[in-house]
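work_11.tsv follows (TSV, C-alpha atoms):
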chain	number	residue	atom	x	y	z
A	12	MET	CA	0.46	42.25	-12.16
A	13	ARG	CA	2.61	44.57	-10.11
A	14	SER	CA	5.18	47.01	-11.41
A	15	LEU	CA	7.27	49.47	-9.46
A	16	ALA	CA	9.16	52.25	-11.20
A	17	LEU	CA	12.06	53.76	-9.26
A	18	MET	CA	15.63	54.98	-9.51
A	19	THR	CA	18.09	54.40	-6.73
A	20	ASN	CA	21.76	53.58	-6.28
A	21	ASP	CA	21.11	51.70	-3.02
A	22	TYR	CA	20.32	48.40	-4.74
A	23	GLN	CA	22.45	46.10	-6.86
A	24	PHE	CA	22.94	42.69	-8.43
A	25	TRP	CA	26.18	40.79	-9.05
A	26	MET	CA	26.89	37.48	-10.75
A	27	GLY	CA	29.93	36.13	-12.58
A	28	GLY	CA	31.73	39.46	-12.85
A	29	ILE	CA	28.65	41.41	-13.93
A	30	LEU	CA	27.63	44.24	-11.59
A	31	ALA	CA	24.25	45.89	-12.17
A	32	THR	CA	23.30	49.11	-10.39
A	33	GLN	CA	20.81	51.96	-10.77
A	34	LEU	CA	17.61	50.02	-10.23
A	35	GLU	CA	14.82	51.48	-12.34
A	36	GLU	CA	11.89	49.07	-12.25
A	37	ILE	CA	10.54	45.99	-10.51
A	38	THR	CA	7.83	43.83	-12.02
A	39	ASP	CA	6.39	40.33	-11.96
A	40	ASP	CA	5.41	40.52	-15.65
A	41	PRO	CA	7.69	38.44	-17.94
A	42	LYS	CA	6.30	40.30	-20.97
A	43	LYS	CA	8.36	43.30	-19.90
A	44	VAL	CA	11.45	41.09	-19.75
A	45	ASP	CA	10.77	40.03	-23.36
A	46	GLN	CA	11.10	43.68	-24.37
A	47	GLY	CA	14.80	43.75	-23.52
A	48	GLY	CA	17.04	45.42	-21.01
A	49	PHE	CA	19.06	43.88	-18.20
A	50	TRP	CA	16.90	42.23	-15.57
A	51	ALA	CA	17.92	40.48	-12.37
A	52	ALA	CA	15.50	37.59	-12.04
A	53	LEU	CA	14.29	35.84	-8.90
A	54	ILE	CA	11.64	33.13	-9.13
A	55	SER	CA	10.70	31.59	-5.80
A	56	PHE	CA	10.24	27.85	-5.41
A	57	GLU	CA	6.49	28.49	-5.34
A	58	GLY	CA	6.66	30.42	-8.62
A	59	VAL	CA	6.51	34.04	-7.44
A	60	ARG	CA	8.38	36.04	-10.09
A	61	THR	CA	10.40	39.17	-9.39
A	62	PHE	CA	12.24	40.95	-12.19
A	63	ALA	CA	14.40	43.99	-11.41
A	64	ARG	CA	15.64	46.16	-14.30
A	65	PHE	CA	18.97	47.92	-13.84
A	66	SER	CA	20.20	50.65	-16.16
A	67	LYS	CA	23.92	50.46	-15.40
A	68	VAL	CA	25.70	47.18	-16.13
A	69	GLU	CA	29.47	46.79	-15.99
A	70	HIS	CA	32.05	44.04	-15.75
A	71	ARG	CA	33.85	44.31	-12.42
A	72	GLU	CA	34.61	42.48	-9.21
A	73	PHE	CA	32.10	42.52	-6.40
A	74	PRO	CA	32.65	45.54	-4.12
A	75	GLN	CA	34.26	44.04	-1.02
A	76	SER	CA	33.05	44.73	2.50
A	77	GLN	CA	33.54	43.21	5.94
A	78	TRP	CA	31.41	40.61	7.70
A	79	GLU	CA	31.13	40.26	11.46
A	80	PRO	CA	30.49	36.55	12.14
A	81	ILE	CA	27.26	35.60	13.87
A	82	SER	CA	27.62	34.29	17.41
A	83	THR	CA	24.13	32.89	18.05
A	84	SER	CA	22.91	29.37	17.25
A	85	TRP	CA	20.97	28.34	14.16
A	86	HIS	CA	17.48	26.86	14.44
A	87	SER	CA	16.25	24.17	12.04
A	88	SER	CA	12.65	24.22	10.80
A	89	ILE	CA	12.69	20.40	10.96
A	90	ASN	CA	14.70	18.65	13.68
A	91	ARG	CA	16.64	15.44	13.15
A	92	LYS	CA	13.87	13.10	14.34
A	93	SER	CA	11.22	14.82	12.20
A	94	TYR	CA	13.48	14.90	9.14
A	95	VAL	CA	14.19	11.19	9.44
A	96	GLU	CA	10.42	10.58	9.64
A	97	TYR	CA	9.92	12.81	6.58
A	98	VAL	CA	12.41	10.74	4.60
A	99	SER	CA	10.69	7.54	5.75
A	100	ARG	CA	7.31	8.86	4.55
A	101	ILE	CA	8.84	9.66	1.16
A	102	ARG	CA	10.26	6.13	0.91
A	103	GLU	CA	6.82	4.73	1.76
A	104	ALA	CA	5.22	6.85	-0.98
A	105	ILE	CA	7.86	5.61	-3.41
A	106	SER	CA	7.09	2.00	-2.46
A	107	LEU	CA	3.42	2.65	-3.35
A	108	GLY	CA	4.41	4.02	-6.77
A	109	GLY	CA	3.07	7.55	-6.33
A	110	VAL	CA	6.45	9.24	-6.63
A	111	TYR	CA	10.01	8.21	-7.53
A	112	GLN	CA	12.18	10.93	-6.03
A	113	VAL	CA	11.62	13.89	-3.70
A	114	ASN	CA	14.07	16.58	-2.63
A	115	ALA	CA	13.54	16.94	1.13
A	116	CYS	CA	14.69	20.26	2.56
A	117	ARG	CA	14.73	22.19	5.79
A	118	GLU	CA	15.40	25.81	6.65
A	119	LEU	CA	18.01	27.07	9.11
A	120	SER	CA	17.34	30.46	10.66
A	121	ASN	CA	19.19	32.81	12.96
A	122	THR	CA	17.97	35.99	14.61
A	123	VAL	CA	20.33	38.83	13.74
A	124	GLU	CA	20.55	41.29	16.62
A	125	ASP	CA	21.45	44.20	14.39
A	126	GLY	CA	18.38	44.74	12.20
A	127	SER	CA	20.39	46.98	9.88
A	128	LEU	CA	22.79	44.15	8.97
A	129	THR	CA	23.28	43.68	5.23
A	130	LEU	CA	24.63	40.60	3.45
A	131	ASN	CA	27.19	42.20	1.15
A	132	GLY	CA	29.91	41.46	3.70
A	133	LEU	CA	28.80	37.83	3.96
A	134	PHE	CA	28.80	37.53	0.19
A	135	SER	CA	32.34	38.96	0.05
A	136	LYS	CA	33.43	36.29	2.51
A	137	LEU	CA	31.64	33.54	0.55
A	138	LEU	CA	33.49	34.56	-2.61
A	139	GLN	CA	36.80	34.31	-0.76
A	140	GLU	CA	36.24	31.14	1.25
A	141	ASN	CA	33.70	29.17	-0.79
A	142	PRO	CA	33.96	30.23	-4.44
A	143	ALA	CA	31.08	28.91	-6.53
A	144	PRO	CA	30.57	29.12	-10.30
A	145	TYR	CA	27.12	30.74	-10.03
A	146	ALA	CA	27.59	32.79	-6.88
A	147	SER	CA	25.32	35.82	-6.90
A	148	TYR	CA	24.20	38.74	-4.77
A	149	LEU	CA	20.86	40.51	-5.02
A	150	ASN	CA	19.68	43.49	-3.02
A	151	ILE	CA	16.33	44.99	-4.00
A	152	PRO	CA	13.41	46.32	-1.95
A	153	GLY	CA	12.08	43.61	0.34
A	154	ILE	CA	14.80	40.99	-0.10
A	155	GLU	CA	18.57	40.53	0.03
A	156	ILE	CA	20.30	37.32	-1.10
A	157	ALA	CA	23.87	36.04	-0.86
A	158	SER	CA	24.18	32.81	-2.82
A	159	ALA	CA	27.11	30.42	-3.22
A	160	THR	CA	25.29	28.02	-5.49
A	161	PRO	CA	27.23	25.58	-7.66
A	162	GLU	CA	24.23	24.67	-9.82
A	163	LEU	CA	23.20	26.00	-13.23
A	164	PHE	CA	19.46	26.09	-13.75
A	165	LEU	CA	19.25	27.61	-17.24
A	166	SER	CA	21.69	29.23	-19.61
A	167	ARG	CA	20.41	30.74	-22.83
A	168	SER	CA	22.18	32.17	-25.86
A	169	GLY	CA	19.76	32.94	-28.66
A	170	SER	CA	17.73	29.79	-29.24
A	171	ALA	CA	20.21	27.50	-27.45
A	172	ILE	CA	19.18	26.57	-23.91
A	173	LYS	CA	20.87	24.30	-21.36
A	174	THR	CA	20.27	23.02	-17.84
A	175	SER	CA	22.81	21.23	-15.63
A	176	PRO	CA	21.11	19.47	-12.72
A	177	ILE	CA	23.15	18.35	-9.74
A	178	LYS	CA	22.10	15.08	-8.12
A	179	GLY	CA	24.68	13.24	-6.05
A	180	THR	CA	27.04	14.56	-3.37
A	181	ILE	CA	30.11	13.00	-1.77
A	182	ARG	CA	32.90	14.39	0.40
A	183	GLU	CA	36.00	15.64	-1.39
A	184	ASN	CA	38.08	12.72	-0.08
A	185	GLU	CA	35.72	10.14	-1.59
A	186	THR	CA	36.38	8.84	-5.08
A	187	SER	CA	33.15	7.44	-6.50
A	188	PHE	CA	29.38	7.83	-6.51
A	189	GLY	CA	27.07	4.99	-5.57
A	190	GLU	CA	24.26	3.53	-7.64
A	191	LYS	CA	21.72	5.53	-5.63
A	192	ASP	CA	23.34	8.80	-6.74
A	193	LYS	CA	23.47	7.73	-10.38
A	194	ALA	CA	19.87	6.53	-10.39
A	195	GLU	CA	18.72	9.78	-8.81
A	196	ASN	CA	20.69	11.84	-11.31
A	197	LEU	CA	19.22	9.91	-14.21
A	198	MET	CA	15.67	10.45	-12.92
A	199	ILE	CA	16.16	14.21	-12.86
A	200	VAL	CA	17.86	14.20	-16.26
A	201	ASP	CA	14.74	12.53	-17.68
A	202	LEU	CA	12.57	15.11	-15.92
A	203	MET	CA	14.57	18.01	-17.34
A	204	ARG	CA	14.48	16.48	-20.80
A	205	ASN	CA	10.72	16.46	-20.50
A	206	ASP	CA	10.62	20.08	-19.26
A	207	LEU	CA	12.83	21.34	-22.10
A	208	GLY	CA	10.86	19.22	-24.57
A	209	ARG	CA	7.82	21.40	-23.89
A	210	ILE	CA	9.57	24.51	-25.26
A	211	CYS	CA	12.19	23.14	-27.66
A	212	LYS	CA	12.04	22.01	-31.27
A	213	PRO	CA	11.32	18.28	-31.65
A	214	GLY	CA	14.45	16.18	-31.79
A	215	THR	CA	16.77	18.89	-30.42
A	216	VAL	CA	16.73	18.00	-26.71
A	217	ASP	CA	19.80	15.94	-25.89
A	218	VAL	CA	21.85	14.86	-22.88
A	219	SER	CA	25.11	16.45	-23.90
A	220	GLU	CA	27.00	15.11	-20.87
A	221	LEU	CA	26.01	12.49	-18.30
A	222	PHE	CA	27.48	11.95	-14.81
A	223	ARG	CA	30.19	14.61	-14.81
A	224	HIS	CA	32.17	14.94	-11.56
A	225	GLU	CA	32.45	18.56	-10.37
A	226	LYS	CA	34.72	19.50	-7.48
A	227	HIS	CA	33.60	22.25	-5.10
A	228	PRO	CA	34.94	23.34	-1.70
A	229	GLY	CA	34.63	20.29	0.56
A	230	LEU	CA	32.33	18.43	-1.86
A	231	VAL	CA	32.12	16.64	-5.19
A	232	HIS	CA	28.86	16.74	-7.15
A	233	LEU	CA	27.46	14.49	-9.87
A	234	VAL	CA	26.26	16.72	-12.73
A	235	SER	CA	24.64	16.16	-16.12
A	236	ASP	CA	23.88	18.57	-18.98
A	237	VAL	CA	20.62	18.68	-20.95
A	238	ALA	CA	20.44	21.04	-23.92
A	239	GLY	CA	17.97	21.93	-26.67
A	240	GLU	CA	16.95	24.51	-29.26
A	241	LEU	CA	13.99	26.69	-28.39
A	242	ASN	CA	10.91	26.89	-30.57
A	243	GLU	CA	10.56	30.05	-32.63
A	244	ASN	CA	9.25	33.06	-30.70
A	245	THR	CA	9.34	31.33	-27.33
A	246	THR	CA	8.61	33.84	-24.55
A	247	TRP	CA	10.13	34.01	-21.11
A	248	ALA	CA	6.74	33.26	-19.61
A	249	GLN	CA	6.68	29.99	-21.56
A	250	ILE	CA	10.25	29.09	-20.59
A	251	LEU	CA	9.70	29.69	-16.90
A	252	SER	CA	6.30	28.01	-16.83
A	253	ALA	CA	7.77	24.87	-18.41
A	254	THR	CA	10.85	24.61	-16.21
A	255	THR	CA	10.15	26.01	-12.73
A	256	PRO	CA	10.62	25.00	-10.04
A	257	PRO	CA	13.91	23.32	-10.95
A	258	GLY	CA	13.57	19.55	-11.20
A	259	SER	CA	16.73	18.82	-9.21
A	260	VAL	CA	15.27	20.42	-6.09
A	261	SER	CA	11.69	19.23	-6.47
A	262	GLY	CA	11.47	15.61	-7.62
A	263	ALA	CA	9.84	13.21	-10.06
A	264	PRO	CA	7.09	13.22	-11.08
A	265	LYS	CA	7.27	16.92	-10.27
A	266	SER	CA	3.60	17.39	-9.36
A	267	ALA	CA	3.60	14.51	-6.86
A	268	ALA	CA	6.89	15.64	-5.34
A	269	LEU	CA	5.62	19.21	-4.94
A	270	SER	CA	2.56	17.93	-3.12
A	271	MET	CA	4.68	16.10	-0.54
A	272	ILE	CA	7.03	19.06	-0.15
A	273	GLY	CA	4.18	21.48	0.44
A	274	GLU	CA	2.56	19.24	3.06
A	275	THR	CA	5.72	18.93	5.15
A	276	GLU	CA	7.90	21.96	4.49
A	277	GLY	CA	5.52	24.77	3.67
A	278	ALA	CA	6.84	27.60	1.50
A	279	ARG	CA	10.57	27.61	0.66
A	280	GLY	CA	10.56	31.13	-0.79
A	281	PRO	CA	13.72	32.00	-2.73
A	282	TYR	CA	15.50	28.84	-1.56
A	283	CYS	CA	15.50	26.25	-4.38
A	284	GLY	CA	14.07	28.82	-6.77
A	285	ALA	CA	15.88	30.44	-9.69
A	286	LEU	CA	18.26	33.40	-9.39
A	287	GLY	CA	20.25	35.18	-12.08
A	288	TRP	CA	19.91	37.58	-14.98
A	289	ILE	CA	18.05	37.91	-18.28
A	290	ASN	CA	19.01	40.26	-21.10
A	291	GLY	CA	16.81	39.66	-24.13
A	292	SER	CA	17.67	36.24	-25.54
A	293	GLU	CA	20.73	35.89	-23.30
A	294	ALA	CA	20.41	34.60	-19.75
A	295	LEU	CA	22.11	32.85	-16.87
A	296	LEU	CA	19.93	31.48	-14.07
A	297	SER	CA	21.15	29.42	-11.14
A	298	VAL	CA	19.34	27.09	-8.75
A	299	ALA	CA	19.27	29.03	-5.48
A	300	ILE	CA	20.85	26.45	-3.20
A	301	ARG	CA	23.69	27.17	-0.71
A	302	THR	CA	21.89	30.47	-0.28
A	303	PHE	CA	21.41	32.96	2.57
A	304	TRP	CA	18.57	35.48	2.49
A	305	LYS	CA	16.81	38.19	4.48
A	306	THR	CA	13.37	39.62	3.79
A	307	GLY	CA	13.48	42.84	5.74
A	308	ASP	CA	13.14	41.43	9.26
A	309	ASP	CA	15.85	40.45	11.73
A	310	THR	CA	16.05	36.82	10.58
A	311	LEU	CA	18.82	35.40	8.41
A	312	ARG	CA	17.83	32.18	6.62
A	313	PHE	CA	19.68	29.35	4.90
A	314	GLY	CA	18.31	26.18	3.26
A	315	THR	CA	19.71	22.69	3.00
A	316	GLY	CA	18.33	19.43	1.61
A	317	ALA	CA	18.89	16.03	0.05
A	318	GLY	CA	17.36	13.99	-2.75
A	319	ILE	CA	15.39	11.01	-1.50
A	320	THR	CA	14.89	7.75	-3.41
A	321	TRP	CA	13.86	4.24	-2.37
A	322	GLY	CA	17.53	3.50	-1.72
A	323	SER	CA	17.91	6.34	0.78
A	324	ASP	CA	18.95	5.76	4.37
A	325	PRO	CA	17.02	8.36	6.45
A	326	GLU	CA	19.86	8.95	8.91
A	327	LEU	CA	22.42	9.33	6.13
A	328	GLU	CA	20.16	11.81	4.33
A	329	TRP	CA	20.09	13.95	7.47
A	330	GLU	CA	23.90	13.79	7.51
A	331	GLU	CA	23.95	14.95	3.87
A	332	THR	CA	21.94	18.04	4.77
A	333	GLN	CA	24.42	18.71	7.57
A	334	LEU	CA	27.36	18.23	5.21
A	335	LYS	CA	25.94	20.73	2.73
A	336	ALA	CA	25.25	23.30	5.43
A	337	ARG	CA	28.28	22.94	7.68
A	338	ARG	CA	30.89	24.77	5.62
A	339	LEU	CA	28.72	27.75	4.72
A	340	ILE	CA	27.29	28.13	8.22
A	341	SER	CA	30.86	28.15	9.55
A	342	ILE	CA	31.59	31.08	7.22
A	343	ALA	CA	28.53	33.01	8.40
A	344	GLY	CA	29.17	32.13	12.05
A	345	GLY	CA	27.02	30.59	14.75
A	346	ALA	CA	26.55	27.03	15.98
A	347	LEU	CA	24.88	24.34	13.86
A	348	SER	CA	22.96	21.81	15.96
A	349	ASP	CA	23.17	18.11	15.11
A	350	SER	CA	19.69	17.46	16.44
Hey, can you dump this file as structure tokens for me?
Amino acid sequence: MRSLALMTNDYQFWMGGILATQLEEITDDPKKVDQGGFWAALISFEGVRTFARFSKVEHREFPQSQWEPISTSWHSSINRKSYVEYVSRIREAISLGGVYQVNACRELSNTVEDGSLTLNGLFSKLLQENPAPYASYLNIPGIEIASATPELFLSRSGSAIKTSPIKGTIRENETSFGEKDKAENLMIVDLMRNDLGRICKPGTVDVSELFRHEKHPGLVHLVSDVAGELNENTTWAQILSATTPPGSVSGAPKSAALSMIGETEGARGPYCGALGWINGSEALLSVAIRTFWKTGDDTLRFGTGAGITWGSDPELEWEETQLKARRLISIAGGALSDS
């Protein structure tokens, strides 16, 4: 286990009107989180845990700063032809019964000429032009994240815990979701019920809302809520082990989906992981989609993906990844290739 003790005003975390500064400690040990205090939490898609304890927490707006738009083009880790082939392989695996749904993603990257560039200006612009309910900013040693995610991973208040997976995306001018979207959403709802069932009291896990329509800038999402009551003395290690990575961005069954993702995509890092805060038995963690990040080099990264089922059209799934990326890339700047 690693633990870094420090005190600096150079780092911060913001989410939902909560600004945390004066970073004191970084650890990967959830036992320390159980002891209390305000922790920014980042769990990568691969399960790497980073908890950052801040000593000053206040309710205030994010400190605004300027962003100079990027002028260079974005590069995709998987081009259009390869992504379509990836989707086709997933559909073939589904036809053989080994998996039912896989979230297929790709990474967009852009070399930032100014290595000293920070993302607080980009996050300010995201808040103005693409407001999102779980938008968050994290700047700690080794990583900086500006997220405009619309998706709740976990909220906790005492023993009450809830997850709200998003599966299904249409343009804002469309009026209804197809059967493919509903079937996909239902698969992930069942998966999340199973995940919460591992840590909640028997009989308490319930789908409190199914197929809710949520409007976001340029998009409408299909969202469901799954809630439960935690077992007595449940630790954060147990909660995170049972629920990560988020089901909505992995697939079902989760183990089979993760195998296919790892073979094709490699490591996603913070993208599709969990990002938010924990303070004792209170917490708010998002799914880190619609997210930009830097890891200390001169590369800015952004992830985009789509949920694949047997009913998926490979070309249309590529278009969905473009749809999800287009608005946010336009805010950051730079050209987005269609190939």
| message | Can you tell me which residues surround segment 194-204 of chain A at a distance of at most 7 Å, considering all atoms listed in the file, apart from same-chain residues fewer than 2 positions away, and format the answer as JSON, numbers by chain? | response | {"A": [178, 179, 190, 191, 192, 206, 207, 208, 216, 237, 258, 259, 263, 320]}
List as a compact mmCIF listing (two decimals) with C-alpha atoms, in the frame of the given file the protein and nucleic acid residues near Phe65 of chain A, meaning an atom at most 9 Å away when only C-alpha atoms are counted, but skip any in the same chain fewer than 3 places from it.
# COMPACT_ATOMS: atom_id res chain seq x y z
CA MET A 18 15.63 54.98 -9.51
CA GLN A 23 22.45 46.10 -6.86
CA PHE A 24 22.94 42.69 -8.43
CA ALA A 31 24.25 45.89 -12.17
CA THR A 32 23.30 49.11 -10.39
CA GLN A 33 20.81 51.96 -10.77
CA LEU A 34 17.61 50.02 -10.23
CA GLU A 35 14.82 51.48 -12.34
CA GLU A 36 11.89 49.07 -12.25
CA GLY A 48 17.04 45.42 -21.01
CA PHE A 49 19.06 43.88 -18.20
CA TRP A 50 16.90 42.23 -15.57
CA ALA A 51 17.92 40.48 -12.37
CA VAL A 68 25.70 47.18 -16.13
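Proximity ranking of A:Gly27, A:Gly153, A:Pro257, A:Gly214 relative to Thr306 of chain A places A:Gly153 first, based on all atoms listed in the file.
Of the listed residues A:Glu330, A:Glu162, A:Glu118, A:Asp217, the one whose atoms come nearest to Thr315 of chain A is A:Glu118, with distances taken using all atoms listed in the file.
Taking atom CA of Ile154 of chain A as the reference point, atom CA of Trp304 of chain A is found at 7.2 Å.
With distances restricted to only C-alpha atoms, A:Gly58 is the closest residue to Ala253 of chain A from A:Gly28, A:Gly58, A:Pro74, A:Pro228.
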